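S.K.: What follows is a single structure, and I will ask about it in a moment.
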Amino acid sequence: MKVGLFVPCYIDAFYPRVGIATLELLERLGQQVDYPLGQTCCGQPMANSGCNSDAAAAEALFVRNFERFDAIVMPSGSCAHHVRDHFDAIPQTDAVRHVRTHTYELVEFLHDVLQVGDFPWAEFPHTVGLHNSCGTLRALRTASMSELGEPPFSKPMGLLSKVRGIRFATPARPDECCGFGGTFSVAEEAVSARMGLDKVRDHHDAGAEYIVSADSSCIMHQQGCAERAGIPLRFIHIAEILNGARE
Amino acid sequence: MTARDTILDALRRNRPDPGSHPLPPPATLGDLDAGRERFVASLRLLGGDVMERAAGEPLAAAIARHFPAARMICAAVPGVDGAIPVQDLPDARAADPVDVAVVRAAFGIAETGSIFLSEAQLHLNALAHLAQHLVVLLDPAQLTANLHTAYRRPEFRTARYGVLMSGPSATADIQGVLIRGAQGVRSLSVCFDPS
Amino acid sequence: MKDKRIDHAGAAAAFIADAPHLAFHDERLWDMRQKRDAQMHLLPEWQELRTLASQIKEHALANLPEYLEQFEENATRNGIRVHWARDGAEHNRIVAEILQARGATTLIKSKSMVTEECDMRPYLAARGITVTETDLGERIQQLDDQLPSHIVVPAVHKLTGDVARVFATHYGTDPKADDPRQLAEAQRQAARPVILHADAGMTGANFAVAETGTFVVCTNEGNADLSATVPGVHIATLGIERLVPRLSDLGVFVRLLSRSALGSPITQYTTHFRGPQDGGEMHVILVDNGRSARLGMADFWTSLKCIRCGACMNTCPVYRRSGGLSYGAVYSGPIGAIIDPTFNERKYSTLPFASTLNGSCTNVCPVRINIHDQLYKWRRVLVDHHQMPFVKREIMHMAGKLMGQPRLYRAAISGTETALGTLPRFALYNWLNPWGRHRELPHPVKETFHAWYRRNRSAPGAADTEKTKTDPTKTGRTKDTGQ
């Protein structure tokens, strides 16, 4: 299987270690991974703002970069959600359909496609609060949603629980959005920052040392809120823990 | 064109294809327990009470015991000693001073603890709302399981005014504090009484 | 330019600045959401009920002309006088005519969102008719001259002290007496004489049944029953989308409504009006006011399924932290954000952006309206209709162009790839200030992932990587990369 790695703009620019961990983890698991250097963005920021026609160039480029892969993997739920569920600024050719149906968020790929049984190299002796981004939770459905009362399941928790030494803190409102929301984070900065503050407080009050998430955009926002408020939380992407990060 | 025709015309032009939206058959879902215990639990959840009567105790005596301060009792049922028959009230306003109204429900719903009252039971619809307290006689044989089964009752096709009351009037409009007896009756007590 | 855009973000910021109100508002509505969840867990058939409710509503909307005619025929046969109103103005005129023909000058009413839509109270007041809201929350809002901030709990943004102040001004109660029980009792005592002497009563309706000509009103305070049964005239205003085909359908909707709204199994009063009481008269006004047009909007017509439970507001993390009044509209919260633009695209053009698109609203909706999908689609419509502010639109346009051109993109984000501490340049001026108001910026890193990859991974794409250094646009092994 030829795996194409997409590293979203926030991760590329602010969290390169997340991209590195994703790449290394996939390689450890025996995958042949390539990172097309001509990549930029999946088009989500423009499309989510209603400016769908402005997403066309990014979407077309994305397809050209990734159409030759059997699987396109990204450490970002919201980007995977965009490619899979929106991504209609360009004509829906065979190549576009291929890309859209072969795009995976990292946790999905590990859990559903590779069905990874254990991470013998991983040990994380800390208490973590898991933040499911709304993209992974309600769009990609990698965990059960509290609003539906469905039988509990969580793919990220399933993976993390295979890590030695890890402990989990359960916040009071585990499914509550953290308030990032793309351009919402600046257009509605007061609400966004307040949601972020409430989110990090909830995790901190539950005893979390770290917030772990499959979405770096949520982390970037929450980290900014926690640091401003002086809440001693640390932030880590799930790829880093599964790849063996110790802190 | 009249407003009616304008609206209907616009709806006919704009509606989605009716063929793509069939009507599902009537549903009867959920718990079909029509028992008294379920009814009482539901009634209490919504703030209603059960008025117990000692063996052989006349209804009027039980009411007097429950509402010692009540001065004006008005009954829409026969056999409540000392009560004013609702038929004697000339209009709705005359029900305002009523402390306790005594009525008989047509049926009750176990799922929600609701009782059904219509003009057939009330004679004066406002009685059930202007009175301070409501005592509801209910034949336990007239319990139905849930709202699906309730809507099969014939009363919904005959009553011009039909209310499902589920406990007393309530509000939580001021800082979320639940207050019973907001605008309508301050209490609702069900007294099981085979008819 | 006739309608100013609602400044939701600004109003929300002001709401958030008031810590006690914000804390209560968020906790109260979250508590309602949790009570709703508890009810859901008690009913294994919950999801099936939602599906049925959705199917029944979609069927009713697709057959609305026939069901309205059926309703009218049955209601008329039962002695109800049925009126039709194309818009709010026509509705208000009908109400005034009914009242004036009977010499009525006082009207008591229970909650009706449609009358808020029609802005009825000022119209009647100008004609010498005194309108008194009888729902406690609605009355508080009327006295305080504010719109309801929530469709089920209209004064949920107020604390007891606020209510005490309003009542002190209007009822002469002690402004320091802020016990909710006393305040509620004050309302009861103030309302009762008004109810007893009103010339006419008015209600809305939650459902109307075509099969029987019945309309159903759900309340907790019993104020609708008082409004309808004490005066001799009862006028009910209802949006034409309230129709359901059969009595049996009520079983589905009544089971969902209060559980979704407040987390109680049923409202204290569920009242079925099928005809006037002895000696009284009953009018029903069927109001369109934009609904027939909305039915023709392929992406948005299902918003007409809404049963006004407010569950989407209770679960919405944005609504809970911004307050209903910040939406500047009759309908607030997620459902408001997808309905309001149908009334006035420009004025309400900001509302579909007052969302993180998290999707919780869609999950709690008892009639399965895809609310967050509609928010997403509204954004497109509003941009296509030139309702996005110019600067924001230009930023997105520039961003879109940049993202299609890898070489320019790389240049833009990395005047220095080694000391990268900024967001992409296109966003710099407009993004960083609001971002940093309540948040720290992300930490600078030594190099981007892109640069790291080029340094650390060569095979099997060595040649490509080499090429990239000189011309990143020729990167991929796929043909052209978009120059």
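Chain lettering (A, B, ...) mirrors the order of the structure tokens, residue numbering begins at 1 for each chain separately, and ligand numbering begins at 1 in order of display.
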Write down as a ChimeraX atom specification the residues of chain B whose backbone DSSP state falls under strand (DSSP E or B).

M.R.: /B:49-50,73-75,84-85,100-104,107-109,114-118,133-138,143-144,161-165,170-171,179-180,187-192

S.K.: Any idea what's packed within 9 Å of region 112-125 of chain A, counting only C-alpha atoms, ignoring anything in its chain fewer than 4 positions away? Could you give it as a PDB file with all heavy atoms, in the first residue's frame?

M.R.:
ATOM      1  N   LEU A  29       5.301   1.132  11.525  1.00  0.00           N
ATOM      2  CA  LEU A  29       4.256   0.131  11.290  1.00  0.00           C
ATOM      3  C   LEU A  29       4.392  -0.491   9.901  1.00  0.00           C
ATOM      4  O   LEU A  29       3.487  -1.167   9.421  1.00  0.00           O
ATOM      5  CB  LEU A  29       2.873   0.781  11.461  1.00  0.00           C
ATOM      6  CG  LEU A  29       2.578   1.213  12.909  1.00  0.00           C
ATOM      7  CD1 LEU A  29       1.388   2.160  12.972  1.00  0.00           C
ATOM      8  CD2 LEU A  29       2.331  -0.009  13.799  1.00  0.00           C
ATOM      9  N   VAL A 107      -6.021   8.378  13.232  1.00  0.00           N
ATOM     10  CA  VAL A 107      -6.578   7.380  14.158  1.00  0.00           C
ATOM     11  C   VAL A 107      -7.419   6.354  13.396  1.00  0.00           C
ATOM     12  O   VAL A 107      -7.311   5.143  13.632  1.00  0.00           O
ATOM     13  CB  VAL A 107      -7.415   8.075  15.258  1.00  0.00           C
ATOM     14  CG1 VAL A 107      -8.252   7.066  16.032  1.00  0.00           C
ATOM     15  CG2 VAL A 107      -6.504   8.846  16.198  1.00  0.00           C
ATOM     16  N   GLU A 108      -8.228   6.823  12.486  1.00  0.00           N
ATOM     17  CA  GLU A 108      -9.021   5.903  11.657  1.00  0.00           C
ATOM     18  C   GLU A 108      -8.111   4.920  10.931  1.00  0.00           C
ATOM     19  O   GLU A 108      -8.392   3.733  10.836  1.00  0.00           O
ATOM     20  CB  GLU A 108      -9.738   6.675  10.536  1.00  0.00           C
ATOM     21  CG  GLU A 108     -10.868   7.526  10.918  1.00  0.00           C
ATOM     22  CD  GLU A 108     -11.456   8.154   9.647  1.00  0.00           C
ATOM     23  OE1 GLU A 108     -10.701   8.577   8.739  1.00  0.00           O
ATOM     24  OE2 GLU A 108     -12.668   8.203   9.581  1.00  0.00           O
ATOM     25  N   LYS A 155     -12.304   5.097  19.213  1.00  0.00           N
ATOM     26  CA  LYS A 155     -11.112   4.598  18.533  1.00  0.00           C
ATOM     27  C   LYS A 155      -9.832   5.211  19.098  1.00  0.00           C
ATOM     28  O   LYS A 155      -8.864   4.478  19.339  1.00  0.00           O
ATOM     29  CB  LYS A 155     -11.231   4.845  17.028  1.00  0.00           C
ATOM     30  CG  LYS A 155     -12.379   4.064  16.390  1.00  0.00           C
ATOM     31  CD  LYS A 155     -12.546   4.409  14.913  1.00  0.00           C
ATOM     32  CE  LYS A 155     -13.811   3.731  14.358  1.00  0.00           C
ATOM     33  NZ  LYS A 155     -14.040   4.090  12.942  1.00  0.00           N
ATOM     34  N   LEU A 159      -6.757   3.069  20.987  1.00  0.00           N
ATOM     35  CA  LEU A 159      -5.333   3.079  20.653  1.00  0.00           C
ATOM     36  C   LEU A 159      -4.503   3.504  21.860  1.00  0.00           C
ATOM     37  O   LEU A 159      -3.496   2.864  22.199  1.00  0.00           O
ATOM     38  CB  LEU A 159      -5.067   4.033  19.479  1.00  0.00           C
ATOM     39  CG  LEU A 159      -5.736   3.680  18.136  1.00  0.00           C
ATOM     40  CD1 LEU A 159      -5.409   4.755  17.098  1.00  0.00           C
ATOM     41  CD2 LEU A 159      -5.298   2.308  17.637  1.00  0.00           C
ATOM     42  N   LYS A 162      -3.510   1.183  24.711  1.00  0.00           N
ATOM     43  CA  LYS A 162      -2.437   0.210  24.480  1.00  0.00           C
ATOM     44  C   LYS A 162      -1.061   0.767  24.853  1.00  0.00           C
ATOM     45  O   LYS A 162      -0.047   0.103  24.703  1.00  0.00           O
ATOM     46  CB  LYS A 162      -2.434  -0.222  23.009  1.00  0.00           C
ATOM     47  CG  LYS A 162      -3.707  -0.955  22.586  1.00  0.00           C
ATOM     48  CD  LYS A 162      -3.669  -1.240  21.105  1.00  0.00           C
ATOM     49  CE  LYS A 162      -4.790  -2.109  20.565  1.00  0.00           C
ATOM     50  NZ  LYS A 162      -6.087  -2.019  21.125  1.00  0.00           N
ATOM     51  N   VAL A 163      -1.038   2.016  25.293  1.00  0.00           N
ATOM     52  CA  VAL A 163       0.229   2.661  25.662  1.00  0.00           C
ATOM     53  C   VAL A 163       0.510   2.394  27.142  1.00  0.00           C
ATOM     54  O   VAL A 163      -0.366   2.605  27.985  1.00  0.00           O
ATOM     55  CB  VAL A 163       0.149   4.184  25.388  1.00  0.00           C
ATOM     56  CG1 VAL A 163       1.373   4.902  25.930  1.00  0.00           C
ATOM     57  CG2 VAL A 163      -0.014   4.440  23.894  1.00  0.00           C
ATOM     58  N   ARG A 164       1.705   1.933  27.453  1.00  0.00           N
ATOM     59  CA  ARG A 164       2.063   1.605  28.838  1.00  0.00           C
ATOM     60  C   ARG A 164       2.035   2.848  29.724  1.00  0.00           C
ATOM     61  O   ARG A 164       2.528   3.907  29.347  1.00  0.00           O
ATOM     62  CB  ARG A 164       3.471   1.003  28.899  1.00  0.00           C
ATOM     63  CG  ARG A 164       3.538  -0.505  28.675  1.00  0.00           C
ATOM     64  CD  ARG A 164       4.873  -1.097  29.122  1.00  0.00           C
ATOM     65  NE  ARG A 164       6.037  -0.322  28.677  1.00  0.00           N
ATOM     66  CZ  ARG A 164       6.518  -0.338  27.438  1.00  0.00           C
ATOM     67  NH1 ARG A 164       5.940  -1.092  26.518  1.00  0.00           N
ATOM     68  NH2 ARG A 164       7.574   0.394  27.121  1.00  0.00           N
ATOM     69  N   GLY A 165       1.465   2.680  30.892  1.00  0.00           N
ATOM     70  CA  GLY A 165       1.576   3.712  31.920  1.00  0.00           C
ATOM     71  C   GLY A 165       0.588   4.865  31.800  1.00  0.00           C
ATOM     72  O   GLY A 165       0.517   5.715  32.690  1.00  0.00           O
ATOM     73  N   ILE A 166      -0.169   4.886  30.744  1.00  0.00           N
ATOM     74  CA  ILE A 166      -1.048   6.043  30.542  1.00  0.00           C
ATOM     75  C   ILE A 166      -2.269   5.958  31.456  1.00  0.00           C
ATOM     76  O   ILE A 166      -2.770   4.861  31.746  1.00  0.00           O
ATOM     77  CB  ILE A 166      -1.472   6.142  29.051  1.00  0.00           C
ATOM     78  CG1 ILE A 166      -1.972   7.541  28.718  1.00  0.00           C
ATOM     79  CG2 ILE A 166      -2.513   5.078  28.702  1.00  0.00           C
ATOM     80  CD1 ILE A 166      -2.048   7.820  27.226  1.00  0.00           C
ATOM     81  N   ARG A 167      -2.697   7.097  31.941  1.00  0.00           N
ATOM     82  CA  ARG A 167      -3.918   7.172  32.749  1.00  0.00           C
ATOM     83  C   ARG A 167      -4.824   8.235  32.130  1.00  0.00           C
ATOM     84  O   ARG A 167      -4.345   9.171  31.505  1.00  0.00           O
ATOM     85  CB  ARG A 167      -3.573   7.559  34.198  1.00  0.00           C
ATOM     86  CG  ARG A 167      -2.667   6.575  34.918  1.00  0.00           C
ATOM     87  CD  ARG A 167      -2.292   7.076  36.311  1.00  0.00           C
ATOM     88  NE  ARG A 167      -1.621   8.374  36.300  1.00  0.00           N
ATOM     89  CZ  ARG A 167      -0.308   8.534  36.158  1.00  0.00           C
ATOM     90  NH1 ARG A 167       0.489   7.475  36.028  1.00  0.00           N
ATOM     91  NH2 ARG A 167       0.225   9.753  36.147  1.00  0.00           N
ATOM     92  N   ILE A 241       2.258  10.478  21.148  1.00  0.00           N
ATOM     93  CA  ILE A 241       2.220   9.457  22.198  1.00  0.00           C
ATOM     94  C   ILE A 241       2.349   8.067  21.582  1.00  0.00           C
ATOM     95  O   ILE A 241       3.139   7.232  22.049  1.00  0.00           O
ATOM     96  CB  ILE A 241       0.916   9.555  23.018  1.00  0.00           C
ATOM     97  CG1 ILE A 241       0.884  10.876  23.791  1.00  0.00           C
ATOM     98  CG2 ILE A 241       0.771   8.369  23.952  1.00  0.00           C
ATOM     99  CD1 ILE A 241      -0.352  11.053  24.657  1.00  0.00           C
ATOM    100  N   LEU A 242       1.625   7.829  20.516  1.00  0.00           N
ATOM    101  CA  LEU A 242       1.662   6.489  19.905  1.00  0.00           C
ATOM    102  C   LEU A 242       3.029   6.210  19.290  1.00  0.00           C
ATOM    103  O   LEU A 242       3.437   5.056  19.149  1.00  0.00           O
ATOM    104  CB  LEU A 242       0.568   6.366  18.832  1.00  0.00           C
ATOM    105  CG  LEU A 242      -0.867   6.490  19.348  1.00  0.00           C
ATOM    106  CD1 LEU A 242      -1.862   6.350  18.188  1.00  0.00           C
ATOM    107  CD2 LEU A 242      -1.172   5.439  20.425  1.00  0.00           C
ATOM    108  N   ASN A 243       3.741   7.262  18.949  1.00  0.00           N
ATOM    109  CA  ASN A 243       5.080   7.080  18.377  1.00  0.00           C
ATOM    110  C   ASN A 243       6.143   6.940  19.460  1.00  0.00           C
ATOM    111  O   ASN A 243       7.327   6.784  19.157  1.00  0.00           O
ATOM    112  CB  ASN A 243       5.421   8.262  17.457  1.00  0.00           C
ATOM    113  CG  ASN A 243       6.689   8.011  16.658  1.00  0.00           C
ATOM    114  OD1 ASN A 243       6.875   6.914  16.128  1.00  0.00           O
ATOM    115  ND2 ASN A 243       7.576   8.998  16.604  1.00  0.00           N
ATOM    116  N   GLY A 244       5.730   7.028  20.721  1.00  0.00           N
ATOM    117  CA  GLY A 244       6.688   6.755  21.781  1.00  0.00           C
ATOM    118  C   GLY A 244       7.204   7.970  22.525  1.00  0.00           C
ATOM    119  O   GLY A 244       8.153   7.853  23.303  1.00  0.00           O
ATOM    120  N   ALA A 245       6.589   9.114  22.320  1.00  0.00           N
ATOM    121  CA  ALA A 245       7.003  10.293  23.097  1.00  0.00           C
ATOM    122  C   ALA A 245       6.816  10.003  24.577  1.00  0.00           C
ATOM    123  O   ALA A 245       5.848   9.352  24.973  1.00  0.00           O
ATOM    124  CB  ALA A 245       6.184  11.507  22.676  1.00  0.00           C
ATOM    125  N   ARG A 246       7.746  10.462  25.402  1.00  0.00           N
ATOM    126  CA  ARG A 246       7.633  10.225  26.840  1.00  0.00           C
ATOM    127  C   ARG A 246       7.084  11.447  27.563  1.00  0.00           C
ATOM    128  O   ARG A 246       6.586  11.373  28.668  1.00  0.00           O
ATOM    129  CB  ARG A 246       9.008   9.874  27.424  1.00  0.00           C
ATOM    130  CG  ARG A 246       9.570   8.540  26.935  1.00  0.00           C
ATOM    131  CD  ARG A 246       8.753   7.363  27.495  1.00  0.00           C
ATOM    132  NE  ARG A 246       9.425   6.079  27.236  1.00  0.00           N
ATOM    133  CZ  ARG A 246       9.250   5.360  26.132  1.00  0.00           C
ATOM    134  NH1 ARG A 246       8.455   5.812  25.167  1.00  0.00           N
ATOM    135  NH2 ARG A 246       9.879   4.215  25.976  1.00  0.00           N
ATOM    136  N   GLU A 247       7.241  12.598  26.974  1.00  0.00           N
ATOM    137  CA  GLU A 247       6.682  13.826  27.567  1.00  0.00           C
ATOM    138  C   GLU A 247       6.529  14.884  26.496  1.00  0.00           C
ATOM    139  O   GLU A 247       7.020  14.732  25.383  1.00  0.00           O
ATOM    140  CB  GLU A 247       7.572  14.336  28.696  1.00  0.00           C
ATOM    141  CG  GLU A 247       9.009  14.564  28.257  1.00  0.00           C
ATOM    142  CD  GLU A 247       9.823  15.302  29.314  1.00  0.00           C
ATOM    143  OE1 GLU A 247       9.410  15.308  30.469  1.00  0.00           O
ATOM    144  OE2 GLU A 247      10.845  15.883  28.955  1.00  0.00           O
TER     145      GLU A 247
END

S.K.: Residues of chain B no more than 7 Å from chain C, counting only C-alpha atoms: send them over as a ChimeraX atom specification.

M.R.: /B:3-4,7-8,10-12,14-18,21-24,26,29-30,92-93,112,125-126,129,147-148,151,157,159-171,173-177,179,182-184

S.K.: When you look at Ala60 (chain B) with a cut-off of 6 Å (counting only C-alpha atoms), what residues show up, excluding the ones that are within fewer than 2 positions of it in the same chain? I need them as a JSON list (two decimals) with all heavy atoms, in the first residue's frame.

M.R.:
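Generated output (out_39.json):
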[["chain", "number", "residue", "atom", "x", "y", "z"],
["B", 58, "PRO", "N", -65.38, 9.31, 53.48],
["B", 58, "PRO", "CA", -66.06, 10.06, 52.42],
["B", 58, "PRO", "C", -65.07, 11.01, 51.73],
["B", 58, "PRO", "O", -64.13, 11.50, 52.38],
["B", 58, "PRO", "CB", -67.14, 10.86, 53.15],
["B", 58, "PRO", "CG", -67.21, 10.30, 54.53],
["B", 58, "PRO", "CD", -65.89, 9.65, 54.81],
["B", 62, "ALA", "N", -61.85, 13.44, 53.15],
["B", 62, "ALA", "CA", -60.46, 13.35, 52.71],
["B", 62, "ALA", "C", -59.98, 14.71, 52.22],
["B", 62, "ALA", "O", -58.84, 15.12, 52.50],
["B", 62, "ALA", "CB", -60.34, 12.30, 51.61],
["B", 63, "ILE", "N", -60.83, 15.41, 51.50],
["B", 63, "ILE", "CA", -60.44, 16.73, 50.98],
["B", 63, "ILE", "C", -60.24, 17.70, 52.15],
["B", 63, "ILE", "O", -59.26, 18.45, 52.18],
["B", 63, "ILE", "CB", -61.53, 17.26, 50.01],
["B", 63, "ILE", "CG1", -61.50, 16.42, 48.72],
["B", 63, "ILE", "CG2", -61.31, 18.74, 49.68],
["B", 63, "ILE", "CD1", -62.69, 16.63, 47.81],
["B", 80, "VAL", "N", -69.81, 15.08, 46.64],
["B", 80, "VAL", "CA", -68.84, 15.73, 47.53],
["B", 80, "VAL", "C", -69.62, 16.66, 48.45],
["B", 80, "VAL", "O", -70.05, 17.74, 48.05],
["B", 80, "VAL", "CB", -67.78, 16.53, 46.75],
["B", 80, "VAL", "CG1", -66.71, 17.07, 47.70],
["B", 80, "VAL", "CG2", -67.16, 15.67, 45.66],
["B", 81, "ASP", "N", -69.82, 16.20, 49.67],
["B", 81, "ASP", "CA", -70.66, 16.96, 50.60],
["B", 81, "ASP", "C", -70.09, 18.36, 50.84],
["B", 81, "ASP", "O", -68.89, 18.50, 51.07],
["B", 81, "ASP", "CB", -70.77, 16.22, 51.95],
["B", 81, "ASP", "CG", -71.58, 14.94, 51.79],
["B", 81, "ASP", "OD1", -72.28, 14.83, 50.77],
["B", 81, "ASP", "OD2", -71.45, 14.07, 52.67]]

S.K.: Hey, can you check how far CA of Cys51 (chain A) sits from CA of Val383 (chain C)?

M.R.: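 Distance between the two atoms: 6.2 Å.
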
S.K.: Hey, what does DSSP flag as alpha helix (DSSP H) within chain B? Can you give it to me as a VMD selection string?

M.R.: chain B and resid 3 to 14 36 to 45 59 to 66 119 to 122 127 to 130 147 to 150 155 to 158
